[in-house]
file final_17.cif (mmCIF, C-alpha atoms and all ligand atoms)
data_query
#
loop_
_atom_site.group_PDB
_atom_site.id
_atom_site.type_symbol
_atom_site.label_atom_id
_atom_site.label_comp_id
_atom_site.auth_asym_id
_atom_site.auth_seq_id
_atom_site.Cartn_x
_atom_site.Cartn_y
_atom_site.Cartn_z
ATOM 1 C CA ASP A 1 0.000 0.000 0.000
ATOM 2 C CA TYR A 2 1.182 3.475 -0.884
ATOM 3 C CA PRO A 3 0.994 6.330 1.600
ATOM 4 C CA GLU A 4 -1.619 8.984 0.842
ATOM 5 C CA ILE A 5 -0.972 11.014 -2.329
ATOM 6 C CA ALA A 6 -0.881 14.239 -0.317
ATOM 7 C CA SER A 7 1.771 13.082 2.125
ATOM 8 C CA PRO A 8 4.815 15.337 1.592
ATOM 9 C CA ALA A 9 7.136 12.460 0.651
ATOM 10 C CA ARG A 10 4.757 10.881 -1.849
ATOM 11 C CA THR A 11 3.874 14.242 -3.438
ATOM 12 C CA GLN A 12 7.553 15.061 -3.861
ATOM 13 C CA ALA A 13 8.214 11.605 -5.318
ATOM 14 C CA ILE A 14 5.365 12.016 -7.829
ATOM 15 C CA LEU A 15 6.591 15.457 -8.889
ATOM 16 C CA ASN A 16 10.119 14.114 -9.337
ATOM 17 C CA ARG A 17 9.157 10.990 -11.218
ATOM 18 C CA TYR A 18 7.033 12.870 -13.744
ATOM 19 C CA ARG A 19 9.493 15.793 -13.814
ATOM 20 C CA LEU A 20 6.637 18.127 -13.019
ATOM 21 C CA SER A 21 7.161 21.676 -11.951
ATOM 22 C CA ALA A 22 4.037 23.332 -10.648
ATOM 23 C CA LYS A 23 2.656 25.837 -13.151
ATOM 24 C CA LYS A 24 2.214 29.206 -11.539
ATOM 25 C CA SER A 25 0.087 30.411 -14.430
ATOM 26 C CA LEU A 26 -2.477 27.707 -13.605
ATOM 27 C CA GLY A 27 -2.389 28.358 -9.876
ATOM 28 C CA GLN A 28 -0.818 25.007 -9.079
ATOM 29 C CA ASN A 29 -0.119 24.727 -5.357
ATOM 30 C CA PHE A 30 -0.453 21.191 -4.085
ATOM 31 C CA LEU A 31 -1.714 20.466 -0.581
ATOM 32 C CA ILE A 32 0.643 18.325 1.474
ATOM 33 C CA ASP A 33 -1.092 18.417 4.843
ATOM 34 C CA LEU A 34 -3.415 15.492 5.475
ATOM 35 C CA ASN A 35 -4.998 17.188 8.492
ATOM 36 C CA ILE A 36 -6.135 20.010 6.266
ATOM 37 C CA LEU A 37 -7.534 17.581 3.719
ATOM 38 C CA ASN A 38 -9.481 15.881 6.494
ATOM 39 C CA ASN A 39 -10.760 19.233 7.685
ATOM 40 C CA ILE A 40 -11.962 20.041 4.174
ATOM 41 C CA VAL A 41 -13.805 16.717 3.915
ATOM 42 C CA GLU A 42 -15.330 17.364 7.349
ATOM 43 C CA ALA A 43 -16.394 20.893 6.451
ATOM 44 C CA ALA A 44 -18.212 19.451 3.423
ATOM 45 C CA GLU A 45 -19.872 16.843 5.688
ATOM 46 C CA LEU A 46 -19.368 14.253 2.951
ATOM 47 C CA THR A 47 -21.082 10.897 3.150
ATOM 48 C CA LYS A 48 -21.317 7.916 0.812
ATOM 49 C CA ASN A 49 -24.651 9.370 -0.269
ATOM 50 C CA ASP A 50 -23.037 12.477 -1.834
ATOM 51 C CA ASN A 51 -21.763 13.140 -5.336
ATOM 52 C CA VAL A 52 -18.908 15.619 -5.626
ATOM 53 C CA ILE A 53 -17.579 17.988 -8.256
ATOM 54 C CA GLU A 54 -13.940 18.922 -7.769
ATOM 55 C CA ILE A 55 -12.215 21.735 -9.642
ATOM 56 C CA GLY A 56 -8.491 21.265 -10.278
ATOM 57 C CA PRO A 57 -7.498 17.847 -8.898
ATOM 58 C CA GLY A 58 -3.788 18.538 -9.535
ATOM 59 C CA ILE A 59 -1.988 15.281 -8.733
ATOM 60 C CA GLY A 60 -5.018 13.911 -6.879
ATOM 61 C CA GLY A 61 -4.288 14.586 -3.202
ATOM 62 C CA LEU A 62 -7.708 15.973 -2.349
ATOM 63 C CA THR A 63 -9.470 13.832 -4.968
ATOM 64 C CA GLU A 64 -8.334 10.678 -3.164
ATOM 65 C CA GLN A 65 -9.863 11.829 0.125
ATOM 66 C CA LEU A 66 -13.089 12.838 -1.637
ATOM 67 C CA ALA A 67 -13.328 9.423 -3.301
ATOM 68 C CA LYS A 68 -12.957 7.691 0.063
ATOM 69 C CA ALA A 69 -15.646 9.800 1.699
ATOM 70 C CA ALA A 70 -18.209 10.241 -1.097
ATOM 71 C CA ASN A 71 -20.189 8.196 -3.605
ATOM 72 C CA GLN A 72 -18.731 9.505 -6.865
ATOM 73 C CA VAL A 73 -16.309 12.290 -7.804
ATOM 74 C CA LEU A 74 -16.121 14.246 -11.069
ATOM 75 C CA ALA A 75 -12.978 16.351 -11.292
ATOM 76 C CA PHE A 76 -12.258 19.047 -13.886
ATOM 77 C CA GLU A 77 -8.553 19.517 -14.654
ATOM 78 C CA ILE A 78 -7.392 21.943 -17.346
ATOM 79 C CA ASP A 79 -3.736 20.800 -17.476
ATOM 80 C CA GLU A 80 -3.446 17.770 -19.762
ATOM 81 C CA LYS A 81 0.052 17.051 -18.471
ATOM 82 C CA LEU A 82 -1.538 15.974 -15.209
ATOM 83 C CA LEU A 83 -3.756 13.337 -16.835
ATOM 84 C CA PRO A 84 -1.200 10.486 -16.877
ATOM 85 C CA VAL A 85 -0.272 11.363 -13.311
ATOM 86 C CA LEU A 86 -3.880 11.233 -12.133
ATOM 87 C CA ASP A 87 -4.382 8.026 -14.081
ATOM 88 C CA GLU A 88 -1.735 6.404 -11.962
ATOM 89 C CA THR A 89 -2.275 8.029 -8.568
ATOM 90 C CA LEU A 90 -6.037 7.498 -8.591
ATOM 91 C CA SER A 91 -6.003 4.011 -10.133
ATOM 92 C CA PRO A 92 -7.054 2.321 -6.848
ATOM 93 C CA TYR A 93 -10.418 4.161 -6.959
ATOM 94 C CA ASN A 94 -13.322 3.246 -9.212
ATOM 95 C CA ASN A 95 -15.554 6.168 -8.313
ATOM 96 C CA ILE A 96 -13.533 9.030 -9.843
ATOM 97 C CA GLU A 97 -13.791 10.499 -13.307
ATOM 98 C CA ILE A 98 -11.385 13.162 -14.554
ATOM 99 C CA ILE A 99 -12.616 15.600 -17.184
ATOM 100 C CA ASN A 100 -9.876 17.440 -19.061
ATOM 101 C CA GLN A 101 -11.643 20.772 -19.390
ATOM 102 C CA ASP A 102 -11.549 24.385 -18.274
ATOM 103 C CA ILE A 103 -14.212 24.573 -15.568
ATOM 104 C CA LEU A 104 -15.269 27.979 -16.874
ATOM 105 C CA LYS A 105 -16.142 26.387 -20.218
ATOM 106 C CA ALA A 106 -17.912 23.335 -18.850
ATOM 107 C CA ASN A 107 -21.615 22.779 -19.399
ATOM 108 C CA LEU A 108 -22.330 21.667 -15.854
ATOM 109 C CA PRO A 109 -26.025 20.759 -16.219
ATOM 110 C CA GLU A 110 -25.142 18.456 -19.125
ATOM 111 C CA VAL A 111 -22.075 16.933 -17.467
ATOM 112 C CA VAL A 112 -23.952 16.338 -14.222
ATOM 113 C CA ALA A 113 -26.860 14.674 -16.014
ATOM 114 C CA LYS A 114 -24.592 12.461 -18.127
ATOM 115 C CA ARG A 115 -21.706 11.495 -15.889
ATOM 116 C CA PHE A 116 -23.109 10.863 -12.456
ATOM 117 C CA ARG A 117 -24.400 7.326 -12.278
ATOM 118 C CA THR A 118 -26.953 8.050 -9.581
ATOM 119 C CA ASP A 119 -28.984 11.039 -8.499
ATOM 120 C CA LYS A 120 -27.545 12.069 -5.152
ATOM 121 C CA PRO A 121 -27.024 15.359 -3.322
ATOM 122 C CA LEU A 122 -24.296 17.237 -5.180
ATOM 123 C CA LYS A 123 -21.498 19.117 -3.434
ATOM 124 C CA VAL A 124 -18.587 21.149 -4.779
ATOM 125 C CA VAL A 125 -15.286 20.658 -2.972
ATOM 126 C CA ALA A 126 -12.047 22.179 -4.273
ATOM 127 C CA ASN A 127 -8.738 23.815 -3.639
ATOM 128 C CA LEU A 128 -9.313 26.517 -6.246
ATOM 129 C CA PRO A 129 -6.758 27.950 -8.665
ATOM 130 C CA TYR A 130 -6.411 31.414 -7.098
ATOM 131 C CA TYR A 131 -6.109 33.381 -10.324
ATOM 132 C CA ILE A 132 -9.744 32.625 -11.198
ATOM 133 C CA THR A 133 -11.406 32.188 -7.801
ATOM 134 C CA THR A 134 -13.966 34.938 -8.329
ATOM 135 C CA PRO A 135 -15.074 33.884 -11.833
ATOM 136 C CA ILE A 136 -15.414 30.274 -10.655
ATOM 137 C CA VAL A 137 -17.515 31.196 -7.629
ATOM 138 C CA MET A 138 -19.677 33.552 -9.700
ATOM 139 C CA ASP A 139 -20.163 30.856 -12.338
ATOM 140 C CA LEU A 140 -21.165 28.240 -9.779
ATOM 141 C CA LEU A 141 -23.715 30.594 -8.243
ATOM 142 C CA ALA A 142 -25.212 31.543 -11.608
ATOM 143 C CA ASN A 143 -25.417 27.889 -12.620
ATOM 144 C CA PRO A 144 -28.824 26.193 -12.790
ATOM 145 C CA VAL A 145 -27.354 23.072 -11.145
ATOM 146 C CA LYS A 146 -28.350 22.900 -7.484
ATOM 147 C CA PHE A 147 -25.478 22.356 -5.077
ATOM 148 C CA GLU A 148 -26.043 21.218 -1.529
ATOM 149 C CA SER A 149 -22.943 23.160 -0.516
ATOM 150 C CA ILE A 150 -19.748 24.608 -1.941
ATOM 151 C CA VAL A 151 -16.605 24.119 0.160
ATOM 152 C CA VAL A 152 -13.611 25.773 -1.425
ATOM 153 C CA MET A 153 -10.142 26.892 -0.506
ATOM 154 C CA MET A 154 -9.111 30.342 -1.678
ATOM 155 C CA GLN A 155 -6.884 33.264 -0.800
ATOM 156 C CA LYS A 156 -7.743 34.437 2.721
ATOM 157 C CA GLU A 157 -8.322 37.958 1.480
ATOM 158 C CA VAL A 158 -10.980 36.819 -0.998
ATOM 159 C CA ALA A 159 -12.599 34.675 1.696
ATOM 160 C CA GLU A 160 -12.904 37.798 3.840
ATOM 161 C CA ARG A 161 -14.655 39.596 1.009
ATOM 162 C CA LEU A 162 -17.175 36.787 0.655
ATOM 163 C CA ASP A 163 -17.870 36.920 4.377
ATOM 164 C CA ALA A 164 -17.806 40.729 4.841
ATOM 165 C CA LYS A 165 -20.535 42.657 6.671
ATOM 166 C CA PRO A 166 -21.947 46.006 5.449
ATOM 167 C CA GLY A 167 -19.912 49.055 6.381
ATOM 168 C CA THR A 168 -16.604 47.166 6.500
ATOM 169 C CA LYS A 169 -13.776 47.609 4.044
ATOM 170 C CA PRO A 170 -13.913 44.229 2.270
ATOM 171 C CA TYR A 171 -17.703 44.540 1.753
ATOM 172 C CA GLY A 172 -18.367 44.901 -1.960
ATOM 173 C CA SER A 173 -20.271 43.506 -4.920
ATOM 174 C CA LEU A 174 -18.852 40.009 -4.357
ATOM 175 C CA SER A 175 -20.085 39.981 -0.731
ATOM 176 C CA VAL A 176 -23.560 41.116 -1.744
ATOM 177 C CA ILE A 177 -23.939 38.720 -4.667
ATOM 178 C CA VAL A 178 -22.714 35.693 -2.710
ATOM 179 C CA GLN A 179 -24.600 36.472 0.513
ATOM 180 C CA GLN A 180 -27.876 37.068 -1.287
ATOM 181 C CA GLN A 181 -28.114 33.340 -2.005
ATOM 182 C CA ASN A 182 -25.832 31.770 0.580
ATOM 183 C CA ASP A 183 -24.824 31.587 4.170
ATOM 184 C CA VAL A 184 -21.064 32.091 4.250
ATOM 185 C CA ASP A 185 -18.808 30.478 6.796
ATOM 186 C CA ILE A 186 -15.021 30.706 6.939
ATOM 187 C CA SER A 187 -14.300 27.207 8.213
ATOM 188 C CA PHE A 188 -10.613 27.745 8.916
ATOM 189 C CA VAL A 189 -7.440 29.502 7.826
ATOM 190 C CA VAL A 190 -4.648 27.532 6.143
ATOM 191 C CA PRO A 191 -0.996 28.576 6.393
ATOM 192 C CA LYS A 192 1.243 28.763 3.311
ATOM 193 C CA THR A 193 3.317 25.891 4.663
ATOM 194 C CA ALA A 194 0.544 23.414 3.824
ATOM 195 C CA PHE A 195 1.452 23.556 0.117
ATOM 196 C CA ILE A 196 4.201 22.776 -2.373
ATOM 197 C CA PRO A 197 5.134 25.187 -3.784
ATOM 198 C CA GLN A 198 4.169 27.654 -1.065
ATOM 199 C CA PRO A 199 1.858 30.452 -2.226
ATOM 200 C CA LYS A 200 2.663 34.047 -1.223
ATOM 201 C CA VAL A 201 -0.463 34.457 0.869
ATOM 202 C CA ASP A 202 -2.452 32.567 3.470
ATOM 203 C CA SER A 203 -5.556 30.688 2.430
ATOM 204 C CA ALA A 204 -8.931 29.902 3.927
ATOM 205 C CA ILE A 205 -11.612 27.288 3.492
ATOM 206 C CA VAL A 206 -14.988 28.826 2.835
ATOM 207 C CA LYS A 207 -18.315 27.039 3.016
ATOM 208 C CA LEU A 208 -21.256 28.401 1.058
ATOM 209 C CA SER A 209 -24.647 26.926 1.952
ATOM 210 C CA PRO A 210 -27.646 27.975 -0.132
ATOM 211 C CA LYS A 211 -30.264 29.840 1.893
ATOM 212 C CA MET A 212 -33.820 28.572 1.981
ATOM 213 C CA GLN A 213 -35.978 30.293 -0.615
ATOM 214 C CA VAL A 214 -36.922 33.809 0.483
ATOM 215 C CA ASP A 215 -39.610 35.996 -1.151
ATOM 216 C CA LYS A 216 -37.329 38.993 -1.512
ATOM 217 C CA ARG A 217 -35.215 37.318 -4.190
ATOM 218 C CA PRO A 218 -34.339 39.495 -7.142
ATOM 219 C CA PHE A 219 -36.505 38.768 -10.129
ATOM 220 C CA ASP A 220 -33.425 37.921 -12.185
ATOM 221 C CA HIS A 221 -29.988 36.824 -10.949
ATOM 222 C CA LYS A 222 -28.105 38.230 -13.931
ATOM 223 C CA LYS A 223 -29.761 41.648 -13.650
ATOM 224 C CA PHE A 224 -29.043 41.634 -9.920
ATOM 225 C CA VAL A 225 -25.353 40.899 -10.516
ATOM 226 C CA GLY A 226 -25.088 43.682 -13.098
ATOM 227 C CA PHE A 227 -26.931 46.144 -10.873
ATOM 228 C CA VAL A 228 -24.855 45.419 -7.763
ATOM 229 C CA ARG A 229 -21.611 45.703 -9.720
ATOM 230 C CA GLY A 230 -22.813 49.019 -11.132
ATOM 231 C CA CYS A 231 -23.602 50.317 -7.642
ATOM 232 C CA PHE A 232 -20.060 49.509 -6.478
ATOM 233 C CA MET A 233 -18.364 50.805 -9.633
ATOM 234 C CA HIS A 234 -17.068 53.856 -7.759
ATOM 235 C CA GLN A 235 -16.723 52.803 -4.137
ATOM 236 C CA ARG A 236 -16.008 56.262 -2.795
ATOM 237 C CA LYS A 237 -18.874 57.955 -4.589
ATOM 238 C CA THR A 238 -22.388 58.111 -3.178
ATOM 239 C CA LEU A 239 -25.083 55.632 -4.061
ATOM 240 C CA TRP A 240 -26.776 58.476 -5.971
ATOM 241 C CA ASN A 241 -23.782 59.055 -8.231
ATOM 242 C CA ASN A 242 -23.323 55.348 -8.844
ATOM 243 C CA LEU A 243 -27.014 55.005 -9.760
ATOM 244 C CA LEU A 244 -26.670 57.842 -12.284
ATOM 245 C CA GLY A 245 -23.744 55.863 -13.680
ATOM 246 C CA VAL A 246 -25.940 52.786 -13.994
ATOM 247 C CA PHE A 247 -29.131 54.366 -15.384
ATOM 248 C CA GLY A 248 -28.058 57.681 -16.935
ATOM 249 C CA LYS A 249 -28.254 61.336 -16.000
ATOM 250 C CA GLN A 250 -31.398 62.528 -17.791
ATOM 251 C CA GLU A 251 -33.768 64.555 -15.586
ATOM 252 C CA SER A 252 -36.563 62.008 -16.059
ATOM 253 C CA VAL A 253 -34.290 59.185 -14.900
ATOM 254 C CA LYS A 254 -33.161 61.221 -11.891
ATOM 255 C CA GLY A 255 -36.802 61.639 -10.901
ATOM 256 C CA GLN A 256 -37.413 57.919 -11.129
ATOM 257 C CA ILE A 257 -34.308 57.096 -9.105
ATOM 258 C CA LYS A 258 -35.307 59.599 -6.437
ATOM 259 C CA LYS A 259 -38.787 58.104 -6.175
ATOM 260 C CA VAL A 260 -37.470 54.538 -5.803
ATOM 261 C CA LEU A 261 -35.015 55.601 -3.102
ATOM 262 C CA ASP A 262 -37.725 57.563 -1.249
ATOM 263 C CA ASP A 263 -40.181 54.660 -1.441
ATOM 264 C CA LEU A 264 -37.578 52.316 0.035
ATOM 265 C CA SER A 265 -36.344 54.932 2.568
ATOM 266 C CA ILE A 266 -32.792 54.637 1.287
ATOM 267 C CA ASN A 267 -30.587 57.688 1.675
ATOM 268 C CA ALA A 268 -29.090 58.718 -1.672
ATOM 269 C CA ALA A 269 -26.050 60.151 0.113
ATOM 270 C CA ASN A 270 -25.024 56.742 1.467
ATOM 271 C CA ARG A 271 -21.987 54.971 0.064
ATOM 272 C CA PRO A 272 -22.771 51.665 -1.605
ATOM 273 C CA GLU A 273 -21.000 49.724 1.155
ATOM 274 C CA GLN A 274 -23.546 50.966 3.705
ATOM 275 C CA LEU A 275 -26.428 49.134 2.032
ATOM 276 C CA LEU A 276 -27.658 45.753 3.228
ATOM 277 C CA VAL A 277 -28.000 42.817 0.844
ATOM 278 C CA GLU A 278 -31.813 43.049 1.143
ATOM 279 C CA GLN A 279 -31.686 46.680 0.049
ATOM 280 C CA PHE A 280 -29.828 45.781 -3.143
ATOM 281 C CA VAL A 281 -32.490 43.142 -3.840
ATOM 282 C CA ALA A 282 -35.307 45.615 -3.178
ATOM 283 C CA LEU A 283 -33.673 48.207 -5.445
ATOM 284 C CA THR A 284 -33.187 45.706 -8.272
ATOM 285 C CA ASN A 285 -36.845 44.741 -8.129
ATOM 286 C CA ALA A 286 -38.123 48.313 -7.773
ATOM 287 C CA PHE A 287 -36.185 49.564 -10.787
ATOM 288 C CA HIS A 288 -37.364 46.572 -12.784
ATOM 289 C CA GLU A 289 -41.000 47.241 -11.845
ATOM 290 C CA ILE A 290 -40.931 50.802 -13.135
ATOM 291 C CA GLY A 291 -39.050 49.708 -16.239
ATOM 292 C CA VAL A 292 -35.799 51.629 -15.672
HETATM 293 N N1 LIG B 301 -6.434 19.789 -5.806
HETATM 294 C C1 LIG B 301 -4.984 19.887 -5.809
HETATM 295 C C2 LIG B 301 -4.505 20.036 -4.381
HETATM 296 O O1 LIG B 301 -5.319 20.464 -3.545
HETATM 297 O O2 LIG B 301 -3.352 19.765 -4.096
HETATM 298 C C3 LIG B 301 -4.477 21.027 -6.681
HETATM 299 C C4 LIG B 301 -5.047 22.406 -6.411
HETATM 300 S S1 LIG B 301 -4.251 23.692 -7.306
HETATM 301 C C5 LIG B 301 -4.447 25.037 -6.148
HETATM 302 C C6 LIG B 301 -5.390 24.188 -8.584
HETATM 303 C C7 LIG B 301 -5.604 23.191 -9.712
HETATM 304 O O3 LIG B 301 -6.547 23.735 -10.639
HETATM 305 C C8 LIG B 301 -4.362 22.870 -10.540
HETATM 306 O O4 LIG B 301 -4.268 21.478 -10.699
HETATM 307 C C9 LIG B 301 -4.620 23.549 -11.891
HETATM 308 O O5 LIG B 301 -4.002 22.916 -12.995
HETATM 309 C C10 LIG B 301 -6.141 23.489 -11.979
HETATM 310 N N2 LIG B 301 -6.764 24.511 -12.831
HETATM 311 C C11 LIG B 301 -6.330 25.761 -13.091
HETATM 312 N N3 LIG B 301 -7.186 26.427 -13.872
HETATM 313 C C12 LIG B 301 -8.226 25.580 -14.114
HETATM 314 C C13 LIG B 301 -9.427 25.675 -14.888
HETATM 315 N N4 LIG B 301 -9.745 26.810 -15.534
HETATM 316 N N5 LIG B 301 -10.254 24.612 -14.951
HETATM 317 C C14 LIG B 301 -9.931 23.453 -14.288
HETATM 318 N N6 LIG B 301 -8.807 23.303 -13.544
HETATM 319 C C15 LIG B 301 -7.962 24.348 -13.466
#

call {"tool": "encode", "arguments": {"input": "final_17.cif", "output": "structure tokens"}}
result
Amino acid sequence: DYPEIASPARTQAILNRYRLSAKKSLGQNFLIDLNILNNIVEAAELTKNDNVIEIGPGIGGLTEQLAKAANQVLAFEIDEKLLPVLDETLSPYNNIEIINQDILKANLPEVVAKRFRTDKPLKVVANLPYYITTPIVMDLLANPVKFESIVVMMQKEVAERLDAKPGTKPYGSLSVIVQQQNDVDISFVVPKTAFIPQPKVDSAIVKLSPKMQVDKRPFDHKKFVGFVRGCFMHQRKTLWNNLLGVFGKQESVKGQIKKVLDDLSINAANRPEQLLVEQFVALTNAFHEIGV
């Protein structure tokens, strides 16, 4: 029996044997701390009744632990050089499928329907490539596929933005968009020393759990995302000025904006970061209703 893939000695041996050097451009930092892998699996509360999507299996360290804990694992890896490695390292497991594709180009509803053998609760678990953390998270949230939870490792600083409360510095469009649909929990912080090669910054595991359906949902997720981003376009300007940026400066538009803000008792002089998530939802819906 081999030691776990993610043990430091085995990881180093795999990298040496395949003459692999981690590609910075693809955000390749391999986890070599089995405690952390266990913590990730625990945070995801995986059982043999769960299917899992992993993004970026690398050399398979996390994938192996997911396969042991879950029913079936589908892992998207963009780097084709890693395919022969994964073929070997994951050969003891019959419940893993690697898909050589950019996750941002994947048709998840189709892949999920075709590749999972059974219909089980679906969870996302991944140590994300840091250069595209935000696009991946945004894509997952906009996706029609329903995830039971999303447990992902990312740069600590981005994790803090996901988890930020109104009025604090990291609170921005990402916080609002993510929190509108999800409860956010920073499960734990991971030091640089848990990886080869070591990244420059600390990391954190974040758990996103979809909220129960609430009536105040925006009428359209895409419109909501565009609106919230527009409101935060100029962080140091007032909400009023950002709204003029979004909708235009004509007198008639100004009148409509003023009426919506008055109806919702929102002060136009506030900065965008002072608004609650619910207020962004209410604004999106109100502007839609009057056709602005
Ligand atoms: N899961 C491994 C671990 O924890 O040790 C590796 C994680 S590493 C931080 C990120 C992985 O994502 C790399 O294997 C990288 O090649 C892969 N990757 C980068 N961009 C990707 C993309 N657009 N789609 C799928 N995988 C990608």

call {"tool": "atom_distance", "arguments": {"input": "final_17.cif", "atom1": "atom CA of A:Ile196", "atom2": "atom O4 of ligand LIG 301 (chain B)"}}
result
11.9 Å

call {"tool": "residues_near_ligand", "arguments": {"input": "final_17.cif", "ligand": "ligand LIG 301 (chain B)", "cutoff": "8 Å", "atoms": "only C-alpha atoms and all ligand atoms", "output": "PDB file with C-alpha atoms, in the coordinates of the input"}}
result
ATOM      1  CA  ALA A   6      -0.881  14.239  -0.317  1.00  0.00           C
ATOM      2  CA  LYS A  23       2.656  25.837 -13.151  1.00  0.00           C
ATOM      3  CA  LEU A  26      -2.477  27.707 -13.605  1.00  0.00           C
ATOM      4  CA  GLY A  27      -2.389  28.358  -9.876  1.00  0.00           C
ATOM      5  CA  GLN A  28      -0.818  25.007  -9.079  1.00  0.00           C
ATOM      6  CA  ASN A  29      -0.119  24.727  -5.357  1.00  0.00           C
ATOM      7  CA  PHE A  30      -0.453  21.191  -4.085  1.00  0.00           C
ATOM      8  CA  LEU A  31      -1.714  20.466  -0.581  1.00  0.00           C
ATOM      9  CA  ILE A  32       0.643  18.325   1.474  1.00  0.00           C
ATOM     10  CA  GLU A  54     -13.940  18.922  -7.769  1.00  0.00           C
ATOM     11  CA  ILE A  55     -12.215  21.735  -9.642  1.00  0.00           C
ATOM     12  CA  GLY A  56      -8.491  21.265 -10.278  1.00  0.00           C
ATOM     13  CA  PRO A  57      -7.498  17.847  -8.898  1.00  0.00           C
ATOM     14  CA  GLY A  58      -3.788  18.538  -9.535  1.00  0.00           C
ATOM     15  CA  ILE A  59      -1.988  15.281  -8.733  1.00  0.00           C
ATOM     16  CA  GLY A  60      -5.018  13.911  -6.879  1.00  0.00           C
ATOM     17  CA  GLY A  61      -4.288  14.586  -3.202  1.00  0.00           C
ATOM     18  CA  LEU A  62      -7.708  15.973  -2.349  1.00  0.00           C
ATOM     19  CA  THR A  63      -9.470  13.832  -4.968  1.00  0.00           C
ATOM     20  CA  PHE A  76     -12.258  19.047 -13.886  1.00  0.00           C
ATOM     21  CA  GLU A  77      -8.553  19.517 -14.654  1.00  0.00           C
ATOM     22  CA  ILE A  78      -7.392  21.943 -17.346  1.00  0.00           C
ATOM     23  CA  ASP A  79      -3.736  20.800 -17.476  1.00  0.00           C
ATOM     24  CA  LEU A  82      -1.538  15.974 -15.209  1.00  0.00           C
ATOM     25  CA  ASN A 100      -9.876  17.440 -19.061  1.00  0.00           C
ATOM     26  CA  GLN A 101     -11.643  20.772 -19.390  1.00  0.00           C
ATOM     27  CA  ASP A 102     -11.549  24.385 -18.274  1.00  0.00           C
ATOM     28  CA  ILE A 103     -14.212  24.573 -15.568  1.00  0.00           C
ATOM     29  CA  LEU A 104     -15.269  27.979 -16.874  1.00  0.00           C
ATOM     30  CA  LYS A 105     -16.142  26.387 -20.218  1.00  0.00           C
ATOM     31  CA  ALA A 126     -12.047  22.179  -4.273  1.00  0.00           C
ATOM     32  CA  ASN A 127      -8.738  23.815  -3.639  1.00  0.00           C
ATOM     33  CA  LEU A 128      -9.313  26.517  -6.246  1.00  0.00           C
ATOM     34  CA  PRO A 129      -6.758  27.950  -8.665  1.00  0.00           C
ATOM     35  CA  TYR A 130      -6.411  31.414  -7.098  1.00  0.00           C
ATOM     36  CA  TYR A 131      -6.109  33.381 -10.324  1.00  0.00           C
ATOM     37  CA  ILE A 132      -9.744  32.625 -11.198  1.00  0.00           C
ATOM     38  CA  PHE A 195       1.452  23.556   0.117  1.00  0.00           C
TER      39      PHE A 195
END

call {"tool": "residues_around", "arguments": {"input": "final_17.cif", "residues": "stretch 143-153 of chain A", "least_positions_apart": "3", "cutoff": "6 Å", "atoms": "all atoms listed in the file", "output": "tab-separated table (two decimals) with C-alpha atoms, in the frame of the given file"}}
result
chain	number	residue	atom	x	y	z
A	44	ALA	CA	-18.21	19.45	3.42
A	109	PRO	CA	-26.02	20.76	-16.22
A	122	LEU	CA	-24.30	17.24	-5.18
A	123	LYS	CA	-21.50	19.12	-3.43
A	124	VAL	CA	-18.59	21.15	-4.78
A	125	VAL	CA	-15.29	20.66	-2.97
A	126	ALA	CA	-12.05	22.18	-4.27
A	127	ASN	CA	-8.74	23.82	-3.64
A	128	LEU	CA	-9.31	26.52	-6.25
A	140	LEU	CA	-21.16	28.24	-9.78
A	204	ALA	CA	-8.93	29.90	3.93
A	205	ILE	CA	-11.61	27.29	3.49
A	206	VAL	CA	-14.99	28.83	2.84
A	207	LYS	CA	-18.32	27.04	3.02
A	208	LEU	CA	-21.26	28.40	1.06
A	209	SER	CA	-24.65	26.93	1.95

call {"tool": "atom_distance", "arguments": {"input": "final_17.cif", "atom1": "atom CA of A:Cys231", "atom2": "atom CA of A:Pro272"}}
result
6.2 Å

call {"tool": "resolve_selection", "arguments": {"input": "final_17.cif", "expression": "the PyMOL selection byres (((chain A and resi 65) around 12) and not hetatm)", "output": "PyMOL selection string"}}
result
chain A and resi 4-7+31+33-42+44+46-47+52+54+57+60-64+66-73+90+93+95-96+125-126

call {"tool": "atom_distance", "arguments": {"input": "final_17.cif", "atom1": "atom CA of A:Pro197", "atom2": "atom CA of A:Pro8"}}
result
11.2 Å

call {"tool": "closest_residue", "arguments": {"input": "final_17.cif", "among": "A:Ser252, A:Gln155, A:Thr89, A:Gln213", "to": "A:Pro3", "atoms": "only C-alpha atoms"}}
result
A:Thr89

call {"tool": "resolve_selection", "arguments": {"input": "final_17.cif", "expression": "the PyMOL selection byres (((chain A and resi 214-229) around 7) and not hetatm)", "output": "number ranges by chain"}}
result
A: 173, 177, 212-213, 230-233, 280-281, 284-285

call {"tool": "resolve_selection", "arguments": {"input": "final_17.cif", "expression": "the PyMOL selection byres (((chain A and resi 286) around 10) and not hetatm)", "output": "JSON list (two decimals) with C-alpha atoms, in the frame of the given file"}}
result
[["chain", "number", "residue", "atom", "x", "y", "z"],
["A", 218, "PRO", "CA", -34.34, 39.49, -7.14],
["A", 219, "PHE", "CA", -36.51, 38.77, -10.13],
["A", 257, "ILE", "CA", -34.31, 57.10, -9.10],
["A", 259, "LYS", "CA", -38.79, 58.10, -6.18],
["A", 260, "VAL", "CA", -37.47, 54.54, -5.80],
["A", 261, "LEU", "CA", -35.02, 55.60, -3.10],
["A", 263, "ASP", "CA", -40.18, 54.66, -1.44],
["A", 264, "LEU", "CA", -37.58, 52.32, 0.04],
["A", 280, "PHE", "CA", -29.83, 45.78, -3.14],
["A", 281, "VAL", "CA", -32.49, 43.14, -3.84],
["A", 282, "ALA", "CA", -35.31, 45.62, -3.18],
["A", 283, "LEU", "CA", -33.67, 48.21, -5.44],
["A", 284, "THR", "CA", -33.19, 45.71, -8.27],
["A", 285, "ASN", "CA", -36.84, 44.74, -8.13],
["A", 287, "PHE", "CA", -36.18, 49.56, -10.79],
["A", 288, "HIS", "CA", -37.36, 46.57, -12.78],
["A", 289, "GLU", "CA", -41.00, 47.24, -11.84],
["A", 290, "ILE", "CA", -40.93, 50.80, -13.14],
["A", 291, "GLY", "CA", -39.05, 49.71, -16.24],
["A", 292, "VAL", "CA", -35.80, 51.63, -15.67]]
